[in-house]
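Trainee: Quick one, final.cif (mmCIF, C-alpha atoms):
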```
data_target
loop_
_atom_site.label_atom_id
_atom_site.label_comp_id
_atom_site.auth_asym_id
_atom_site.auth_seq_id
_atom_site.Cartn_x
_atom_site.Cartn_y
_atom_site.Cartn_z
CA MET B 1 -32.88 87.14 -17.05
CA GLY B 2 -32.50 85.86 -20.61
CA ILE B 3 -29.74 88.34 -21.39
CA LEU B 4 -28.03 87.63 -18.08
CA GLY B 5 -28.29 83.92 -18.70
CA SER B 6 -26.93 84.35 -22.17
CA GLN B 7 -24.05 86.39 -20.88
CA VAL B 8 -23.28 83.85 -18.20
CA GLY B 9 -23.48 81.11 -20.74
CA GLU B 10 -21.13 82.95 -23.05
CA GLU B 11 -18.70 83.62 -20.20
CA GLN B 12 -18.76 79.91 -19.19
CA GLN B 13 -18.30 78.87 -22.81
CA HIS B 14 -15.42 81.33 -23.16
CA SER B 15 -13.90 80.01 -19.96
CA TRP B 16 -14.25 76.40 -21.12
CA SER B 17 -12.83 77.30 -24.47
CA THR B 18 -9.88 78.98 -22.76
CA GLU B 19 -9.29 75.99 -20.53
CA GLU B 20 -9.68 73.63 -23.43
CA GLY B 21 -7.08 75.62 -25.30
CA ARG B 22 -4.68 75.41 -22.39
CA TRP B 23 -5.14 71.62 -22.11
CA SER B 24 -4.73 71.24 -25.84
CA SER B 25 -1.56 73.34 -25.79
CA TRP B 26 -0.19 71.25 -22.84
CA LEU B 27 -1.04 67.96 -24.56
CA ASP B 28 0.63 69.15 -27.78
CA ARG B 29 3.81 70.07 -25.90
CA SER B 30 3.77 66.72 -24.04
CA ARG B 31 3.32 64.78 -27.26
CA GLY B 32 6.19 66.68 -28.80
CA ARG B 33 8.54 65.80 -25.94
CA LYS B 34 7.49 62.10 -25.99
CA GLU B 35 7.86 61.86 -29.75
CA ALA B 36 11.30 63.41 -29.53
CA ALA B 37 12.43 61.02 -26.77
CA ALA B 38 10.63 57.86 -27.98
CA PRO B 39 12.64 55.16 -29.77
CA GLN B 40 11.73 54.04 -33.24
CA CYS B 41 10.33 50.66 -32.08
CA GLY B 42 6.71 51.37 -31.16
CA SER B 43 5.97 48.70 -28.49
CA SER B 44 9.22 49.02 -26.57
CA ALA B 45 8.52 52.55 -25.48
CA MET B 46 6.48 51.38 -22.50
CA ALA B 47 8.73 48.39 -21.69
CA GLY B 48 10.87 50.32 -19.18
CA PRO B 49 8.06 51.66 -16.96
CA ILE B 50 6.13 48.38 -17.10
CA THR B 51 9.21 46.32 -16.26
CA ALA B 52 10.05 48.60 -13.34
CA LEU B 53 6.48 48.44 -12.08
CA MET B 54 6.43 44.61 -12.34
CA GLY B 55 9.74 44.44 -10.50
CA VAL B 56 8.37 46.53 -7.63
CA VAL B 57 5.19 44.44 -7.38
CA LEU B 58 7.00 41.08 -7.52
CA GLY B 59 9.60 42.24 -5.02
CA ALA B 60 6.89 43.32 -2.60
CA LEU B 61 5.03 40.03 -2.97
CA PHE B 62 7.87 37.50 -2.89
CA SER B 63 10.68 39.10 -0.94
CA PRO B 64 9.62 37.53 2.42
CA MET B 65 9.50 34.09 0.79
CA GLY B 66 12.94 34.30 -0.73
CA THR B 67 14.88 35.30 2.36
CA PHE B 68 16.68 32.95 4.76
CA ASN B 69 19.27 33.15 7.50
CA ILE B 70 22.50 31.21 7.93
CA HIS B 71 23.53 30.50 11.52
CA PRO B 72 27.13 31.69 11.85
CA THR B 73 27.98 29.18 14.62
CA PRO B 74 29.73 26.04 13.26
CA GLN B 75 28.05 22.66 13.72
CA GLN B 76 28.98 20.56 16.75
CA VAL B 77 30.12 16.97 16.20
CA LEU B 78 29.26 14.52 18.98
CA GLU B 79 31.32 11.38 19.26
CA VAL B 80 32.54 8.86 21.81
CA ALA B 81 35.76 7.09 20.88
CA GLY B 82 35.63 3.33 20.65
CA THR B 83 31.83 3.17 20.76
CA PRO B 84 30.34 1.38 17.74
CA SER B 85 26.89 2.46 16.54
CA PHE B 86 27.04 5.69 18.59
CA GLY B 87 24.31 7.93 17.17
CA TYR B 88 22.04 5.10 15.99
CA GLY B 89 19.21 6.77 17.92
CA VAL B 90 18.99 10.40 19.06
CA LEU B 91 16.35 12.00 21.29
CA MET B 92 16.19 15.79 21.68
CA LEU B 93 15.83 17.11 25.23
CA SER B 94 15.56 20.64 26.62
CA GLU B 95 18.37 23.12 27.24
CA GLY B 96 20.63 21.77 24.51
CA TRP B 97 20.79 18.16 25.76
CA VAL B 98 20.28 15.01 23.68
CA VAL B 99 20.16 11.32 24.51
CA VAL B 100 22.26 9.23 22.14
CA GLY B 101 22.00 5.45 21.86
CA ALA B 102 24.79 3.00 21.03
CA PRO B 103 22.87 -0.29 20.72
CA ASN B 104 25.84 -2.39 19.63
CA VAL B 105 27.34 -2.00 23.10
CA GLY B 106 24.01 -1.48 24.92
CA ARG B 107 24.79 2.01 26.25
CA LEU B 108 23.09 5.38 26.48
CA TYR B 109 24.81 8.76 26.57
CA GLY B 110 23.62 12.19 27.61
CA CYS B 111 25.34 14.81 25.48
CA GLN B 112 25.51 18.59 25.79
CA VAL B 113 25.34 19.94 22.26
CA GLN B 114 26.98 23.29 23.03
CA ASN B 115 30.28 21.91 24.34
CA GLY B 116 30.14 18.44 22.77
CA GLU B 117 30.62 16.58 26.06
CA CYS B 118 28.92 13.18 26.49
CA ARG B 119 28.53 11.10 29.65
CA GLU B 120 27.29 7.55 29.93
CA VAL B 121 23.87 7.13 31.49
CA GLU B 122 23.87 4.74 34.42
CA LEU B 123 21.59 1.76 33.88
CA TRP B 124 20.89 -0.72 36.71
CA GLY B 125 24.09 0.02 38.57
CA ASN B 126 26.02 0.84 35.38
CA ARG B 127 25.17 -2.54 33.83
CA SER B 128 24.62 -2.37 30.08
CA ALA B 129 21.85 -4.28 28.32
CA ALA B 130 22.27 -5.80 24.88
CA HIS B 131 21.12 -3.40 22.14
CA MET B 132 19.81 -0.82 24.62
CA GLY B 133 19.10 2.47 22.87
CA MET B 134 17.78 0.92 19.69
CA ALA B 135 14.51 2.82 20.36
CA LEU B 136 14.23 6.19 22.14
CA SER B 137 11.06 8.11 22.98
CA ARG B 138 9.48 10.65 25.34
CA ASP B 139 6.75 10.05 27.92
CA GLY B 140 5.77 13.46 29.26
CA ASN B 141 8.84 14.80 31.05
CA ASN B 142 10.44 11.36 31.22
CA ASN B 143 12.45 9.51 28.59
CA ILE B 144 12.22 5.87 27.54
CA ALA B 145 15.02 3.77 26.05
CA CYS B 146 14.33 0.25 24.78
CA GLY B 147 16.14 -2.67 23.23
CA PRO B 148 15.85 -6.45 22.80
CA GLY B 149 18.16 -7.02 25.73
CA LEU B 150 16.59 -9.89 27.67
CA ARG B 151 18.01 -13.34 26.94
CA TRP B 152 17.11 -16.63 28.54
CA GLU B 153 17.66 -20.27 27.71
CA CYS B 154 14.83 -22.76 27.46
CA ASN B 155 15.59 -26.37 26.66
CA HIS B 156 18.84 -25.48 24.86
CA ASN B 157 17.08 -22.72 22.91
CA ILE B 158 17.90 -19.03 23.35
CA HIS B 159 14.94 -16.65 23.61
CA VAL B 160 15.30 -12.87 23.33
CA GLY B 161 12.79 -10.38 24.75
CA GLY B 162 12.52 -6.60 24.96
CA VAL B 163 13.39 -4.40 27.90
CA CYS B 164 12.83 -0.66 28.45
CA THR B 165 14.21 1.82 30.97
CA VAL B 166 12.31 4.91 32.06
CA LEU B 167 14.59 7.90 32.80
CA ASP B 168 13.70 11.13 34.56
CA PRO B 169 14.53 14.56 33.03
CA GLU B 170 18.01 14.30 34.64
CA LEU B 171 18.52 10.92 32.94
CA ARG B 172 18.34 8.95 36.17
CA PRO B 173 16.69 5.49 35.99
CA LEU B 174 13.17 5.42 37.39
CA GLN B 175 11.74 2.09 36.27
CA VAL B 176 12.58 -1.00 34.27
CA LEU B 177 9.89 -2.38 31.98
CA GLU B 178 10.18 -6.03 31.00
CA ALA B 179 7.93 -8.37 29.08
CA GLY B 180 5.99 -10.86 31.15
CA TYR B 181 7.97 -14.08 31.53
CA GLN B 182 6.67 -17.09 33.41
CA GLY B 183 9.53 -19.48 32.85
CA TRP B 184 9.31 -22.65 30.83
CA VAL B 185 7.96 -26.11 31.47
CA PRO B 186 9.88 -28.99 29.87
CA SER B 187 7.64 -31.11 27.69
CA MET B 188 7.90 -33.38 24.70
CA VAL B 189 7.50 -31.74 21.29
CA ASP B 190 6.76 -34.00 18.34
CA PRO B 191 7.06 -32.26 14.95
CA VAL B 192 6.15 -34.28 11.87
CA PHE B 193 7.59 -33.31 8.49
CA LEU B 194 5.00 -33.71 5.75
CA PHE B 195 6.82 -33.06 2.48
CA ASP B 196 5.80 -33.15 -1.16
CA GLY B 197 7.33 -35.87 -3.30
CA SER B 198 5.06 -35.54 -6.34
CA GLY B 199 6.14 -35.05 -9.91
CA SER B 200 5.51 -31.30 -9.69
CA LEU B 201 8.90 -30.93 -7.97
CA LYS B 202 12.19 -31.04 -9.79
CA ALA B 203 15.04 -33.19 -8.46
CA HIS B 204 17.02 -30.27 -7.00
CA GLU B 205 13.89 -28.92 -5.27
CA PHE B 206 13.23 -32.29 -3.64
CA LYS B 207 16.85 -32.44 -2.48
CA ALA B 208 16.54 -28.93 -0.98
CA ILE B 209 13.54 -30.10 1.09
CA ARG B 210 15.45 -33.12 2.35
CA ASP B 211 18.50 -31.02 3.27
CA PHE B 212 16.27 -28.56 5.14
CA MET B 213 14.77 -31.34 7.28
CA VAL B 214 18.23 -32.66 8.11
CA GLU B 215 19.43 -29.20 9.13
CA VAL B 216 16.45 -28.56 11.41
CA MET B 217 16.78 -31.89 13.18
CA GLU B 218 20.52 -31.45 13.68
CA GLN B 219 20.04 -27.97 15.11
CA LEU B 220 17.56 -29.35 17.67
CA SER B 221 19.36 -32.59 18.36
CA ASN B 222 20.09 -31.66 22.01
CA SER B 223 16.48 -30.82 22.81
CA SER B 224 13.44 -32.85 23.78
CA PHE B 225 12.09 -32.70 20.22
CA ARG B 226 11.20 -35.97 18.51
CA PHE B 227 10.65 -36.01 14.77
CA ALA B 228 8.80 -38.01 12.16
CA ALA B 229 8.63 -37.63 8.39
CA VAL B 230 5.97 -38.49 5.81
CA GLN B 231 6.29 -38.09 2.04
CA PHE B 232 3.17 -37.74 -0.08
CA SER B 233 2.07 -37.61 -3.69
CA ASP B 234 -0.88 -39.78 -4.78
CA SER B 235 -0.81 -41.32 -1.29
CA PRO B 236 1.16 -40.73 1.93
CA GLU B 237 4.24 -42.84 2.64
CA PRO B 238 5.91 -42.85 6.11
CA VAL B 239 9.67 -42.33 5.97
CA PHE B 240 10.35 -42.70 9.71
CA SER B 241 8.17 -42.43 12.82
CA LEU B 242 8.55 -40.76 16.19
CA ARG B 243 9.59 -44.11 17.60
CA ASP B 244 12.23 -44.56 14.92
CA TYR B 245 13.74 -41.17 15.74
CA SER B 246 13.70 -41.85 19.48
CA GLU B 247 15.56 -45.11 18.96
CA ARG B 248 17.99 -43.72 16.40
CA PRO B 249 18.20 -39.90 16.38
CA GLN B 250 20.41 -39.72 13.28
CA PRO B 251 18.70 -37.46 10.71
CA ARG B 252 21.06 -38.17 7.84
CA GLU B 253 20.73 -41.91 8.24
CA LEU B 254 16.95 -41.73 8.55
CA LEU B 255 16.63 -39.74 5.32
CA ARG B 256 19.50 -41.30 3.42
CA ASP B 257 17.44 -43.77 1.36
CA VAL B 258 14.40 -41.56 0.71
CA ARG B 259 13.44 -41.30 -2.97
CA GLN B 260 11.01 -38.98 -4.67
CA GLN B 261 7.70 -40.73 -5.32
CA GLY B 262 6.48 -38.78 -8.36
CA GLY B 263 2.84 -38.79 -9.41
CA PHE B 264 0.06 -36.40 -8.48
CA THR B 265 -0.44 -34.34 -5.30
CA ASP B 266 -3.11 -35.38 -2.79
CA THR B 267 -2.48 -33.00 0.08
CA PHE B 268 -5.77 -33.60 1.91
CA THR B 269 -5.22 -37.36 2.30
CA ALA B 270 -1.65 -36.76 3.46
CA VAL B 271 -2.68 -34.29 6.19
CA GLN B 272 -5.41 -36.63 7.36
CA TYR B 273 -2.92 -39.50 7.54
CA VAL B 274 -0.45 -37.52 9.66
CA ALA B 275 -3.19 -36.40 12.05
CA CYS B 276 -4.73 -39.83 12.57
CA VAL B 277 -2.12 -42.52 11.92
CA SER B 278 1.48 -41.42 12.49
CA ALA B 279 1.15 -40.24 16.10
CA ASP B 280 2.64 -43.40 17.57
CA ARG B 281 4.28 -41.90 20.63
CA PRO B 282 6.70 -44.28 22.35
CA THR B 283 5.79 -45.20 25.90
#
```
For the structure just supplied, provide its representation as structure tokens.
Mentor:
Amino acid sequence: MGILGSQVGEEQQHSWSTEEGRWSSWLDRSRGRKEAAAPQCGSSAMAGPITALMGVVLGALFSPMGTFNIHPTPQQVLEVAGTPSFGYGVLMLSEGWVVVGAPNVGRLYGCQVQNGECREVELWGNRSAAHMGMALSRDGNNNIACGPGLRWECNHNIHVGGVCTVLDPELRPLQVLEAGYQGWVPSMVDPVFLFDGSGSLKAHEFKAIRDFMVEVMEQLSNSSFRFAAVQFSDSPEPVFSLRDYSERPQPRELLRDVRQQGGFTDTFTAVQYVACVSADRPT
């Protein structure tokens, strides 16, 4: 058994030696070919394979992120001749339709994007509302168009309120939404100007306050408003009362002789004076 083992061991060692010789011979030949083909610069020999490998890896990782498609169909331009502000608001619908608002003329248009055709949407028997289409939105399958289109006059003053129209998917009016309006009740309004005349104001600033009061009173001269004015600094000083204005509603004349008081600023006393003393309503 010892001899047999020794023989087997020798045969295995001979076999390994033979194989080792073959590998050594192959490695020597490979080194010879590489040394013959390698450039003189030592580190650049592996640059080609590494660069190629990096290119393959980066291309596999980032190629989906760097791709994009260009739609070959040219863009469609939607326009309606002679319609200012057309396109101020746009609402996307299904099947290539859009709702386009033209609030300057208070109109809505339904446009087919594919052929560029637009038709006016009928509102309340084809009656346009001021600034309709300034806001467009969806409510389920329905569409909503809004604008500050309600106007009414109250005591020579113009009030503007919002109005909305609910449209079905075919752009037919379903409902009109308006803000609650209960009318107006004529009544007397008695504003009192309480303005600063202390030394903290410069002359041109005091003049600007006086001009502002004149402008407000002239703008509301045809209304039921009655005015009074009180200047204050160290103490309040009435300029004209509600009765004075009722008897002579001439703002420029009433404020013509007013002069800046100067001094300190006692705002609390002035407010208390206006609340308790100057409310002399004419009977």
Trainee: So that I can check the surroundings of B:Cys146, please list as a list in words every protein, DNA and RNA residue that reaches within 6 Å of it, counting only C-alpha atoms and ignoring chain neighbours fewer than 5 positions away.
Mentor: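 Surrounding residues, per the criterion: Met132, Gly133, Ala135, Val163 and Cys164 of chain B.
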Trainee: Run the PyMOL selection byres ((chain B and resi 190) around 7) against the file shown and list the residues it catches, as a tab-separated table (two decimals) with C-alpha atoms, keeping the file's coordinate frame.
Mentor:
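Final output, out.tsv:
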```
chain	number	residue	atom	x	y	z
B	188	MET	CA	7.90	-33.38	24.70
B	189	VAL	CA	7.50	-31.74	21.29
B	191	PRO	CA	7.06	-32.26	14.95
B	192	VAL	CA	6.15	-34.28	11.87
B	225	PHE	CA	12.09	-32.70	20.22
B	226	ARG	CA	11.20	-35.97	18.51
B	227	PHE	CA	10.65	-36.01	14.77
```
Trainee: Return the single residue from B:Val160, B:Leu167, B:Met213, B:Val98 that is closest to B:Cys118, with distances computed using all atoms listed in the file.
Mentor: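 Closest residue, counting all atoms listed in the file: B:Val98.
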Trainee: Determine the residue membership of the PyMOL selection byres ((chain B and resi 270) around 12) for the file above and supply it as an NGL selection string.
Mentor: :B and (192-198 or 229-238 or 265-269 or 271-278)
Trainee: For the selection just defined, write its residues with C-alpha atoms to a file, as a CSV table (one decimal), keeping the file's coordinate frame.
Mentor:
```
chain,number,residue,atom,x,y,z
B,192,VAL,CA,6.2,-34.3,11.9
B,193,PHE,CA,7.6,-33.3,8.5
B,194,LEU,CA,5.0,-33.7,5.8
B,195,PHE,CA,6.8,-33.1,2.5
B,196,ASP,CA,5.8,-33.2,-1.2
B,197,GLY,CA,7.3,-35.9,-3.3
B,198,SER,CA,5.1,-35.5,-6.3
B,229,ALA,CA,8.6,-37.6,8.4
B,230,VAL,CA,6.0,-38.5,5.8
B,231,GLN,CA,6.3,-38.1,2.0
B,232,PHE,CA,3.2,-37.7,-0.1
B,233,SER,CA,2.1,-37.6,-3.7
B,234,ASP,CA,-0.9,-39.8,-4.8
B,235,SER,CA,-0.8,-41.3,-1.3
B,236,PRO,CA,1.2,-40.7,1.9
B,237,GLU,CA,4.2,-42.8,2.6
B,238,PRO,CA,5.9,-42.8,6.1
B,265,THR,CA,-0.4,-34.3,-5.3
B,266,ASP,CA,-3.1,-35.4,-2.8
B,267,THR,CA,-2.5,-33.0,0.1
B,268,PHE,CA,-5.8,-33.6,1.9
B,269,THR,CA,-5.2,-37.4,2.3
B,271,VAL,CA,-2.7,-34.3,6.2
B,272,GLN,CA,-5.4,-36.6,7.4
B,273,TYR,CA,-2.9,-39.5,7.5
B,274,VAL,CA,-0.4,-37.5,9.7
B,275,ALA,CA,-3.2,-36.4,12.0
B,276,CYS,CA,-4.7,-39.8,12.6
B,277,VAL,CA,-2.1,-42.5,11.9
B,278,SER,CA,1.5,-41.4,12.5
```
Trainee: What separation in Å, quoted to one decimal, exists between atom CA of B:Tyr245 and atom CA of B:Arg259?
Mentor: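 Spanning atom CA of B:Tyr245 to atom CA of B:Arg259 is a straight-line distance of 18.7 Å.
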Trainee: Could you list, as an mmCIF file with C-alpha atoms, keeping the file's coordinate frame, every residue within 10 Å of B:Cys111, counting only C-alpha atoms and ignoring same-chain residues fewer than 5 positions away?
Mentor:
```cif
data_model
loop_
_atom_site.group_PDB
_atom_site.id
_atom_site.type_symbol
_atom_site.label_atom_id
_atom_site.label_comp_id
_atom_site.auth_asym_id
_atom_site.auth_seq_id
_atom_site.Cartn_x
_atom_site.Cartn_y
_atom_site.Cartn_z
ATOM 1 C CA LEU B 78 29.260 14.520 18.980
ATOM 2 C CA GLU B 79 31.320 11.380 19.260
ATOM 3 C CA MET B 92 16.190 15.790 21.680
ATOM 4 C CA LEU B 93 15.830 17.110 25.230
ATOM 5 C CA GLY B 96 20.630 21.770 24.510
ATOM 6 C CA TRP B 97 20.790 18.160 25.760
ATOM 7 C CA VAL B 98 20.280 15.010 23.680
ATOM 8 C CA VAL B 99 20.160 11.320 24.510
ATOM 9 C CA VAL B 100 22.260 9.230 22.140
ATOM 10 C CA GLY B 116 30.140 18.440 22.770
ATOM 11 C CA GLU B 117 30.620 16.580 26.060
ATOM 12 C CA CYS B 118 28.920 13.180 26.490
ATOM 13 C CA ARG B 119 28.530 11.100 29.650
ATOM 14 C CA GLU B 120 27.290 7.550 29.930
ATOM 15 C CA VAL B 121 23.870 7.130 31.490
#
```
Trainee: Check what the PyMOL selection byres ((chain B and resi 107) around 10) selects in the file above and give those residues as a list in words.
Mentor: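 With the PyMOL selection byres ((chain B and resi 107) around 10) on this model, the match is Thr83, Ser85, Phe86, Val100, Gly101, Ala102, Pro103, Asn104, Val105, Gly106, Leu108, Tyr109, Glu120, Val121, Glu122, Leu123, Asn126, Arg127, Ser128, Ala129, Ala130, His131, Met132, Gly133, Met134 and Ala145 of chain B.
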Trainee: Between B:Leu171, B:Arg252, B:Arg138, B:Gly147, which has the minimum distance to B:Gly110 (counting only C-alpha atoms)?
Mentor: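 Checking each of B:Leu171, B:Arg252, B:Arg138, B:Gly147 against B:Gly110, counting only C-alpha atoms, the winner is B:Leu171.
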Trainee: What is the atom CA of B:His159 to atom CA of B:Glu178 distance in Å?
Mentor: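 We find that atom CA of B:His159 and atom CA of B:Glu178 lie 13.8 Å from each other.
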Trainee: Pick out the residues sitting within 9 Å of B:Pro169, and hand them over as a PDB file with C-alpha atoms, in the coordinates of the input; count only C-alpha atoms, and ignore anything fewer than 4 positions along from it in its own chain.
Mentor:
```pdb
ATOM      1  CA  LEU B  93      15.830  17.110  25.230  1.00  0.00           C
ATOM      2  CA  SER B  94      15.560  20.640  26.620  1.00  0.00           C
ATOM      3  CA  ASN B 141       8.840  14.800  31.050  1.00  0.00           C
ATOM      4  CA  ASN B 142      10.440  11.360  31.220  1.00  0.00           C
ATOM      5  CA  ASN B 143      12.450   9.510  28.590  1.00  0.00           C
TER       6      ASN B 143
END
```
Trainee: Hey, which of B:Gln219, B:Gln260, B:Gln250, B:Thr165 ends up closest to B:Glu205? Count all atoms listed in the file.
Mentor: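 Closest to B:Glu205 of all the choices is B:Gln260.
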Trainee: When distances are computed from all atoms listed in the file, which of B:Ser137, B:Ser241, B:Ser200, B:Gln175 shows the smallest separation from B:Gly89?
Mentor: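 Of B:Ser137, B:Ser241, B:Ser200, B:Gln175, the one nearest B:Gly89 is B:Ser137, counting all atoms listed in the file.
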Trainee: Closest to B:Arg243 among B:Val90, B:Leu255, B:Val216, B:Ala228, using all atoms listed in the file?
Mentor: B:Ala228
Trainee: Record the distance separating atom CA of B:Glu218 and atom CA of B:Asp244, expressed in Å with one decimal.
Mentor: 15.6 Å
